[in-house]
file final-v9.pdb (PDB, C-alpha atoms)
MODEL        1
ATOM      1  CA  MET A   8     -14.714  -0.950 -19.334
ATOM      2  CA  LEU A   9     -15.591   1.192 -16.291
ATOM      3  CA  TYR A  10     -11.998   1.018 -15.041
ATOM      4  CA  ARG A  11     -10.664   2.273 -18.378
ATOM      5  CA  LEU A  12     -13.310   4.995 -18.544
ATOM      6  CA  LEU A  13     -12.389   6.317 -15.100
ATOM      7  CA  LYS A  14      -8.623   5.989 -15.625
ATOM      8  CA  TYR A  15      -8.329   7.412 -19.116
ATOM      9  CA  VAL A  16     -11.316   9.761 -19.464
ATOM     10  CA  LEU A  17     -12.994  10.851 -16.238
ATOM     11  CA  ILE A  18     -10.497  10.762 -13.360
ATOM     12  CA  GLY A  19      -7.012  10.051 -14.692
ATOM     13  CA  PRO A  20      -6.595  13.153 -16.894
ATOM     14  CA  LEU A  21      -7.865  15.388 -14.067
ATOM     15  CA  LEU A  22      -5.386  13.932 -11.575
ATOM     16  CA  LYS A  23      -2.528  14.368 -14.027
ATOM     17  CA  LEU A  24      -3.529  17.951 -14.758
ATOM     18  CA  LEU A  25      -4.014  19.159 -11.189
ATOM     19  CA  TRP A  26      -1.268  17.116  -9.496
ATOM     20  CA  PRO A  27       1.923  17.004 -11.613
ATOM     21  CA  THR A  28       3.833  13.894 -10.602
ATOM     22  CA  LYS A  29       7.461  12.901 -11.100
ATOM     23  CA  VAL A  30       7.614   9.164 -11.765
ATOM     24  CA  THR A  31      10.839   7.168 -11.634
ATOM     25  CA  GLY A  32      11.539   3.463 -12.051
ATOM     26  CA  ARG A  33       8.401   2.642 -14.001
ATOM     27  CA  GLU A  34      10.481   0.209 -16.073
ATOM     28  CA  HIS A  35      10.598  -2.060 -12.999
ATOM     29  CA  ILE A  36       6.897  -2.899 -13.363
ATOM     30  CA  PRO A  37       6.560  -6.246 -15.204
ATOM     31  CA  ALA A  38       4.900  -5.826 -18.590
ATOM     32  CA  ALA A  39       2.848  -8.990 -18.034
ATOM     33  CA  GLY A  40       2.170 -11.629 -15.402
ATOM     34  CA  GLY A  41       1.355 -11.455 -11.732
ATOM     35  CA  ALA A  42       3.269  -9.092  -9.464
ATOM     36  CA  ILE A  43       2.756  -7.211  -6.219
ATOM     37  CA  LEU A  44       3.159  -3.451  -5.972
ATOM     38  CA  ALA A  45       3.994  -3.025  -2.259
ATOM     39  CA  SER A  46       3.632   0.628  -1.310
ATOM     40  CA  ASN A  47       3.979   2.858   1.695
ATOM     41  CA  HIS A  48       0.647   4.405   2.630
ATOM     42  CA  LEU A  49       0.335   8.071   3.529
ATOM     43  CA  ALA A  50      -3.174   8.945   2.337
ATOM     44  CA  VAL A  51      -6.381   7.622   0.797
ATOM     45  CA  ALA A  52      -5.201   9.419  -2.343
ATOM     46  CA  ASP A  53      -2.425   6.820  -2.802
ATOM     47  CA  SER A  54      -4.912   4.378  -4.326
ATOM     48  CA  PHE A  55      -5.806   6.933  -6.979
ATOM     49  CA  PHE A  56      -2.486   8.524  -7.896
ATOM     50  CA  MET A  57      -0.457   5.331  -8.223
ATOM     51  CA  PRO A  58      -2.723   3.374 -10.629
ATOM     52  CA  VAL A  59      -2.991   6.419 -12.914
ATOM     53  CA  ARG A  60       0.784   6.254 -13.447
ATOM     54  CA  VAL A  61       0.935   2.489 -14.005
ATOM     55  CA  PRO A  62       0.370   1.307 -17.598
ATOM     56  CA  ARG A  63      -1.371  -1.881 -16.423
ATOM     57  CA  ARG A  64      -4.542  -2.255 -14.406
ATOM     58  CA  VAL A  65      -3.871  -2.311 -10.639
ATOM     59  CA  THR A  66      -6.209  -4.148  -8.278
ATOM     60  CA  PHE A  67      -6.296  -3.161  -4.601
ATOM     61  CA  PRO A  68      -7.873  -5.103  -1.741
ATOM     62  CA  ALA A  69     -10.272  -2.729   0.052
ATOM     63  CA  LYS A  70     -12.223  -3.081   3.275
ATOM     64  CA  SER A  71     -15.591  -4.693   2.671
ATOM     65  CA  GLU A  72     -17.446  -1.781   4.301
ATOM     66  CA  TYR A  73     -16.917   0.184   1.086
ATOM     67  CA  PHE A  74     -19.110  -2.343  -0.731
ATOM     68  CA  THR A  75     -21.851  -3.075   1.799
ATOM     69  CA  GLU A  76     -23.228   0.329   2.772
ATOM     70  CA  LYS A  77     -26.995   0.613   2.351
ATOM     71  CA  GLY A  78     -28.973   3.058   0.243
ATOM     72  CA  VAL A  79     -28.145   5.117  -2.841
ATOM     73  CA  LYS A  80     -24.847   6.319  -1.378
ATOM     74  CA  GLY A  81     -23.830   2.729  -0.689
ATOM     75  CA  ARG A  82     -24.634   1.629  -4.224
ATOM     76  CA  LEU A  83     -22.662   4.540  -5.664
ATOM     77  CA  LYS A  84     -19.669   3.710  -3.478
ATOM     78  CA  LYS A  85     -19.807   0.059  -4.505
ATOM     79  CA  TRP A  86     -20.028   1.063  -8.182
ATOM     80  CA  PHE A  87     -17.107   3.453  -7.833
ATOM     81  CA  PHE A  88     -14.742   1.204  -5.892
ATOM     82  CA  THR A  89     -15.495  -1.704  -8.192
ATOM     83  CA  GLY A  90     -14.851   0.582 -11.153
ATOM     84  CA  VAL A  91     -11.432   1.692  -9.936
ATOM     85  CA  GLY A  92     -10.320  -1.912  -9.560
ATOM     86  CA  GLN A  93     -10.772  -2.540  -5.854
ATOM     87  CA  ILE A  94     -12.017  -5.838  -4.439
ATOM     88  CA  PRO A  95     -13.788  -6.275  -1.073
ATOM     89  CA  ILE A  96     -11.775  -7.803   1.746
ATOM     90  CA  ASP A  97     -13.293  -8.801   5.085
ATOM     91  CA  ARG A  98     -10.705  -7.841   7.719
ATOM     92  CA  SER A  99     -12.532  -9.317  10.729
ATOM     93  CA  GLY A 100      -9.950 -12.096  11.053
ATOM     94  CA  GLY A 101     -10.060 -15.895  11.118
ATOM     95  CA  THR A 102     -11.603 -17.503   8.048
ATOM     96  CA  ALA A 103     -12.299 -14.040   6.616
ATOM     97  CA  ALA A 104      -8.598 -13.206   6.677
ATOM     98  CA  GLN A 105      -7.755 -16.489   4.945
ATOM     99  CA  ALA A 106     -10.395 -15.799   2.305
ATOM    100  CA  ALA A 107      -8.749 -12.433   1.657
ATOM    101  CA  LEU A 108      -5.359 -14.094   1.184
ATOM    102  CA  ASP A 109      -6.868 -16.719  -1.117
ATOM    103  CA  THR A 110      -8.478 -14.027  -3.272
ATOM    104  CA  ALA A 111      -5.198 -12.130  -3.624
ATOM    105  CA  ILE A 112      -3.287 -15.296  -4.496
ATOM    106  CA  ARG A 113      -5.863 -16.290  -7.113
ATOM    107  CA  LEU A 114      -5.681 -12.882  -8.793
ATOM    108  CA  LEU A 115      -1.893 -13.009  -8.934
ATOM    109  CA  ARG A 116      -1.888 -16.507 -10.380
ATOM    110  CA  GLU A 117      -4.273 -15.244 -13.045
ATOM    111  CA  GLY A 118      -1.679 -12.615 -13.973
ATOM    112  CA  SER A 119      -3.038  -9.550 -12.161
ATOM    113  CA  LEU A 120      -1.036  -6.644 -10.786
ATOM    114  CA  LEU A 121      -1.966  -6.379  -7.111
ATOM    115  CA  GLY A 122      -1.461  -3.249  -5.014
ATOM    116  CA  ILE A 123      -0.782  -3.919  -1.311
ATOM    117  CA  TYR A 124       0.000  -1.659   1.649
ATOM    118  CA  PRO A 125       2.144  -3.843   3.948
ATOM    119  CA  GLU A 126       1.593  -1.463   6.881
ATOM    120  CA  GLY A 127      -2.074  -2.472   6.798
ATOM    121  CA  THR A 128      -3.394   1.071   7.196
ATOM    122  CA  ARG A 129      -2.373   4.674   6.589
ATOM    123  CA  SER A 130       0.594   5.969   8.503
ATOM    124  CA  PRO A 131      -0.779   8.215  11.262
ATOM    125  CA  ASP A 132       2.416  10.236  11.580
ATOM    126  CA  GLY A 133       4.258  10.131   8.253
ATOM    127  CA  ARG A 134       6.685   7.450   9.403
ATOM    128  CA  LEU A 135       7.072   3.976   7.931
ATOM    129  CA  HIS A 136       5.782   1.256  10.239
ATOM    130  CA  LYS A 137       6.333  -2.443  10.724
ATOM    131  CA  GLY A 138       4.867  -4.496   7.888
ATOM    132  CA  LYS A 139       2.282  -7.235   8.305
ATOM    133  CA  THR A 140       3.380 -10.629   7.008
ATOM    134  CA  GLY A 141       0.370 -11.222   4.765
ATOM    135  CA  VAL A 142       2.268  -9.686   1.855
ATOM    136  CA  ALA A 143       5.030 -12.291   2.301
ATOM    137  CA  ARG A 144       2.618 -15.222   2.365
ATOM    138  CA  ILE A 145       0.836 -13.959  -0.737
ATOM    139  CA  ALA A 146       4.117 -13.472  -2.619
ATOM    140  CA  LEU A 147       5.356 -16.954  -1.676
ATOM    141  CA  GLU A 148       2.169 -18.837  -2.484
ATOM    142  CA  ALA A 149       1.578 -16.986  -5.753
ATOM    143  CA  GLY A 150       5.267 -17.157  -6.713
ATOM    144  CA  VAL A 151       5.436 -13.541  -7.887
ATOM    145  CA  PRO A 152       7.956 -10.682  -7.523
ATOM    146  CA  VAL A 153       7.357  -7.726  -5.235
ATOM    147  CA  VAL A 154       7.950  -4.218  -6.603
ATOM    148  CA  PRO A 155       8.439  -1.638  -3.800
ATOM    149  CA  VAL A 156       6.662   1.675  -4.392
ATOM    150  CA  ALA A 157       7.267   4.949  -2.566
ATOM    151  CA  MET A 158       4.497   7.544  -2.589
ATOM    152  CA  ILE A 159       5.862  10.978  -1.717
ATOM    153  CA  GLY A 160       3.736  14.028  -0.933
ATOM    154  CA  THR A 161       0.281  12.468  -0.941
ATOM    155  CA  ASP A 162      -0.088  13.209   2.778
ATOM    156  CA  LYS A 163       0.128  16.908   1.881
ATOM    157  CA  VAL A 164      -2.525  16.523  -0.824
ATOM    158  CA  ASN A 165      -4.925  14.577   1.369
ATOM    159  CA  PRO A 166      -4.038  15.088   5.066
ATOM    160  CA  ILE A 167      -5.606  12.800   7.656
ATOM    161  CA  GLY A 168      -8.980  14.222   8.681
ATOM    162  CA  SER A 169      -9.295  16.453   5.616
ATOM    163  CA  LYS A 170     -11.934  15.910   2.955
ATOM    164  CA  MET A 171     -10.192  18.334   0.610
ATOM    165  CA  TRP A 172      -7.416  17.516  -1.818
ATOM    166  CA  TRP A 173      -4.845  20.307  -2.048
ATOM    167  CA  PRO A 174      -2.635  21.078  -5.060
ATOM    168  CA  ARG A 175       0.900  19.796  -4.518
ATOM    169  CA  ARG A 176       3.647  18.303  -6.645
ATOM    170  CA  LEU A 177       3.995  14.560  -6.070
ATOM    171  CA  GLU A 178       6.574  11.890  -6.662
ATOM    172  CA  ILE A 179       6.220   8.144  -7.165
ATOM    173  CA  ARG A 180       9.277   5.896  -7.078
ATOM    174  CA  PHE A 181       9.178   2.292  -8.270
ATOM    175  CA  GLY A 182      12.057   0.159  -7.015
ATOM    176  CA  ALA A 183      13.710  -2.921  -8.485
ATOM    177  CA  PRO A 184      11.606  -6.099  -8.089
ATOM    178  CA  LEU A 185      12.362  -8.255  -5.074
ATOM    179  CA  ASP A 186      12.637 -11.982  -5.859
ATOM    180  CA  PHE A 187      11.798 -14.382  -3.037
ATOM    181  CA  SER A 188      11.932 -17.613  -5.031
ATOM    182  CA  ARG A 189      14.755 -18.783  -2.740
ATOM    183  CA  TYR A 190      12.054 -19.315  -0.101
ATOM    184  CA  GLU A 191       9.849 -21.452  -2.330
ATOM    185  CA  GLY A 192       7.865 -24.008  -0.321
ATOM    186  CA  LEU A 193       8.341 -22.165   2.963
ATOM    187  CA  SER A 194       5.007 -20.377   3.050
ATOM    188  CA  GLY A 195       3.581 -20.595   6.549
ATOM    189  CA  ASP A 196       6.975 -20.415   8.241
ATOM    190  CA  ARG A 197       6.553 -17.337  10.403
ATOM    191  CA  PHE A 198      10.285 -16.642  10.596
ATOM    192  CA  VAL A 199      10.643 -16.732   6.821
ATOM    193  CA  GLU A 200       7.557 -14.580   6.323
ATOM    194  CA  ARG A 201       8.836 -12.069   8.894
ATOM    195  CA  SER A 202      12.206 -11.909   7.159
ATOM    196  CA  ILE A 203      10.606 -11.349   3.754
ATOM    197  CA  THR A 204       8.281  -8.675   5.106
ATOM    198  CA  ASP A 205      11.157  -6.854   6.791
ATOM    199  CA  GLU A 206      13.142  -6.968   3.553
ATOM    200  CA  ILE A 207      10.222  -5.319   1.760
ATOM    201  CA  MET A 208       9.942  -2.655   4.449
ATOM    202  CA  TYR A 209      13.684  -2.008   4.270
ATOM    203  CA  ALA A 210      13.376  -1.451   0.509
ATOM    204  CA  LEU A 211      10.485   0.947   1.128
ATOM    205  CA  MET A 212      12.477   2.817   3.768
ATOM    206  CA  GLU A 213      15.399   3.321   1.392
ATOM    207  CA  LEU A 214      13.130   4.264  -1.504
ATOM    208  CA  SER A 215      10.942   6.732   0.391
ATOM    209  CA  GLY A 216      13.467   8.187   2.830
ATOM    210  CA  GLN A 217      10.903   7.845   5.625
ATOM    211  CA  GLU A 218      11.829   7.243   9.220
ATOM    212  CA  TYR A 219      11.136   3.668  10.253
ATOM    213  CA  VAL A 220       9.571   2.699  13.579
ATOM    214  CA  ASP A 221       9.340  -0.949  14.579
ATOM    215  CA  ILE A 222       5.683  -0.947  15.636
ATOM    216  CA  TYR A 223       2.535  -1.504  13.620
ATOM    217  CA  ALA A 224       0.713   1.545  12.274
ATOM    218  CA  ALA A 225      -2.422   0.570  14.197
ATOM    219  CA  ARG A 226      -0.413   0.586  17.422
ATOM    220  CA  ALA A 227       1.081   3.955  16.483
ATOM    221  CA  LYS A 228      -2.450   5.326  16.211
ATOM    222  CA  GLU A 229      -3.195   4.093  19.721
ATOM    223  CA  LEU A 230      -0.028   5.744  21.055
ATOM    224  CA  LEU A 231      -0.930   9.047  19.409
ATOM    225  CA  ALA A 232      -4.418   8.875  20.904
ATOM    226  CA  ALA A 233      -2.926   8.201  24.347
ATOM    227  CA  GLU A 234      -0.565  11.124  23.968
ATOM    228  CA  ALA A 235      -3.449  13.382  22.951
ATOM    229  CA  ALA A 236      -5.242  12.278  26.106
ATOM    230  CA  GLY A 237      -2.292  13.391  28.223
ATOM    231  CA  VAL A 238      -0.626  10.012  28.689
ATOM    232  CA  ARG A 239       3.018   9.948  27.672
ATOM    233  CA  PRO A 240       3.546   6.686  25.745
ATOM    234  CA  GLN A 241       6.858   4.960  25.192
ATOM    235  CA  VAL A 242       7.751   4.628  21.515
ATOM    236  CA  PRO A 243      10.589   2.390  20.249
ATOM    237  CA  ALA A 244      13.673   4.087  18.829
ATOM    238  CA  GLN A 245      13.406   5.031  15.166
ATOM    239  CA  THR A 246      15.753   4.589  12.270
ATOM    240  CA  SER A 247      15.869   6.411   8.962
ATOM    241  CA  ALA A 248      17.071   5.515   5.514
ATOM    242  CA  THR A 249      20.142   7.687   5.977
ATOM    243  CA  ASP A 250      21.464   6.333   9.250
ATOM    244  CA  ALA A 251      20.383   2.689   9.396
ATOM    245  CA  ASP A 252      22.235  -0.355   8.144
ATOM    246  CA  ARG A 253      19.047  -2.385   8.253
ATOM    247  CA  VAL A 254      15.522  -2.442   9.591
ATOM    248  CA  PRO A 255      15.217  -4.006  13.058
ATOM    249  CA  GLU A 256      14.521  -7.758  12.979
ATOM    250  CA  THR A 257      15.457  -8.137   9.330
ATOM    251  CA  LYS A 258      18.281  -9.873   7.527
ATOM    252  CA  ALA A 259      18.212  -7.275   4.755
ATOM    253  CA  GLY A 260      21.294  -5.140   4.246
TER     254      GLY A 260
ENDMDL
END
call {"tool": "encode", "arguments": {"input": "final-v9.pdb", "output": "structure tokens"}}
result
Amino acid sequence: MLYRLLKYVLIGPLLKLLWPTKVTGREHIPAAGGAILASNHLAVADSFFMPVRVPRRVTFPAKSEYFTEKGVKGRLKKWFFTGVGQIPIDRSGGTAAQAALDTAIRLLREGSLLGIYPEGTRSPDGRLHKGKTGVARIALEAGVPVVPVAMIGTDKVNPIGSKMWWPRRLEIRFGAPLDFSRYEGLSGDRFVERSITDEIMYALMELSGQEYVDIYAARAKELLAAEAAGVRPQVPAQTSATDADRVPETKAG
């Protein structure tokens, strides 16, 4: 009830009014059943703008800190993030990471639409970064398709470090579903999971037009911090959707 209230009455209409958005490929979203919406991640705003344009409810894993803060502010944040369809995920690793995967798989098997950012965190520089293989394991174990989603312009609405949201025209592109049923029973094989993840990232690169860099976003943040401190880091060569036959380390293309 709270999700519908926020999406259709309190927040959704405001987002649609202030941020006109061109949406293409919405027909690729399954009308029913479990599926993963695997998106690039440019801004916190992504988790608001995308679900508003999806006819079904979208559930996002969110860091558990959003749900555990103390005091009135903490309770309000927990109420809000629960209301917009997010579920707490402990990202401390080990058994916590496995619990996060198990939760995602359960939701998909129950028929939910799950939003996932394969990069693991926001892009610190607007480029598309190497995907983490959790998305592949979840897709394999749940047996669901993966729909690539390209968010375009949200980094201009909600730049890193800014608490303001600026008026801009946005675009959301939904790509054709990716079917990985040919890998059924191979969950846990790191080579298979890497190949699947790279195929998803390749689809995102083509869909978004972003430059691709074969390092994790978290590592890219460290390199930017080092550069800001006066240390010149070495960054792997980049590829873009216009000049690459395939993403490094992938069999796609």
call {"tool": "residues_around", "arguments": {"input": "final-v9.pdb", "residues": "segment 117-119 of chain A", "least_positions_apart": "5", "cutoff": "10 Å", "atoms": "all atoms listed in the file", "output": "list in words"}}
result
Ala39, Gly40, Gly41, Ala42, Ile43, Arg63, Arg64, Val65, Thr66, Ala111, Ile112, Ala149 and Val151 of chain A
call {"tool": "closest_residue", "arguments": {"input": "final-v9.pdb", "among": "A:Phe187, A:Phe181, A:Tyr10, A:Trp173", "to": "Ala143 of chain A", "atoms": "only C-alpha atoms"}}
result
A:Phe187
call {"tool": "resolve_selection", "arguments": {"input": "final-v9.pdb", "expression": "the PyMOL selection byres ((chain A and resi 68) around 10)", "output": "ChimeraX atom specification"}}
result
/A:66-67,69-71,92-97,107-108,110-111,121-124
call {"tool": "atom_distance", "arguments": {"input": "final-v9.pdb", "atom1": "atom CA of Leu231 of chain A", "atom2": "atom CA of Lys139 of chain A"}}
result
20.0 Å
call {"tool": "resolve_selection", "arguments": {"input": "final-v9.pdb", "expression": "the PyMOL selection byres ((chain A and resi 18) around 12)", "output": "PyMOL selection string"}}
result
chain A and resi 9-17+19-26+55-56+58-59+87+90-91
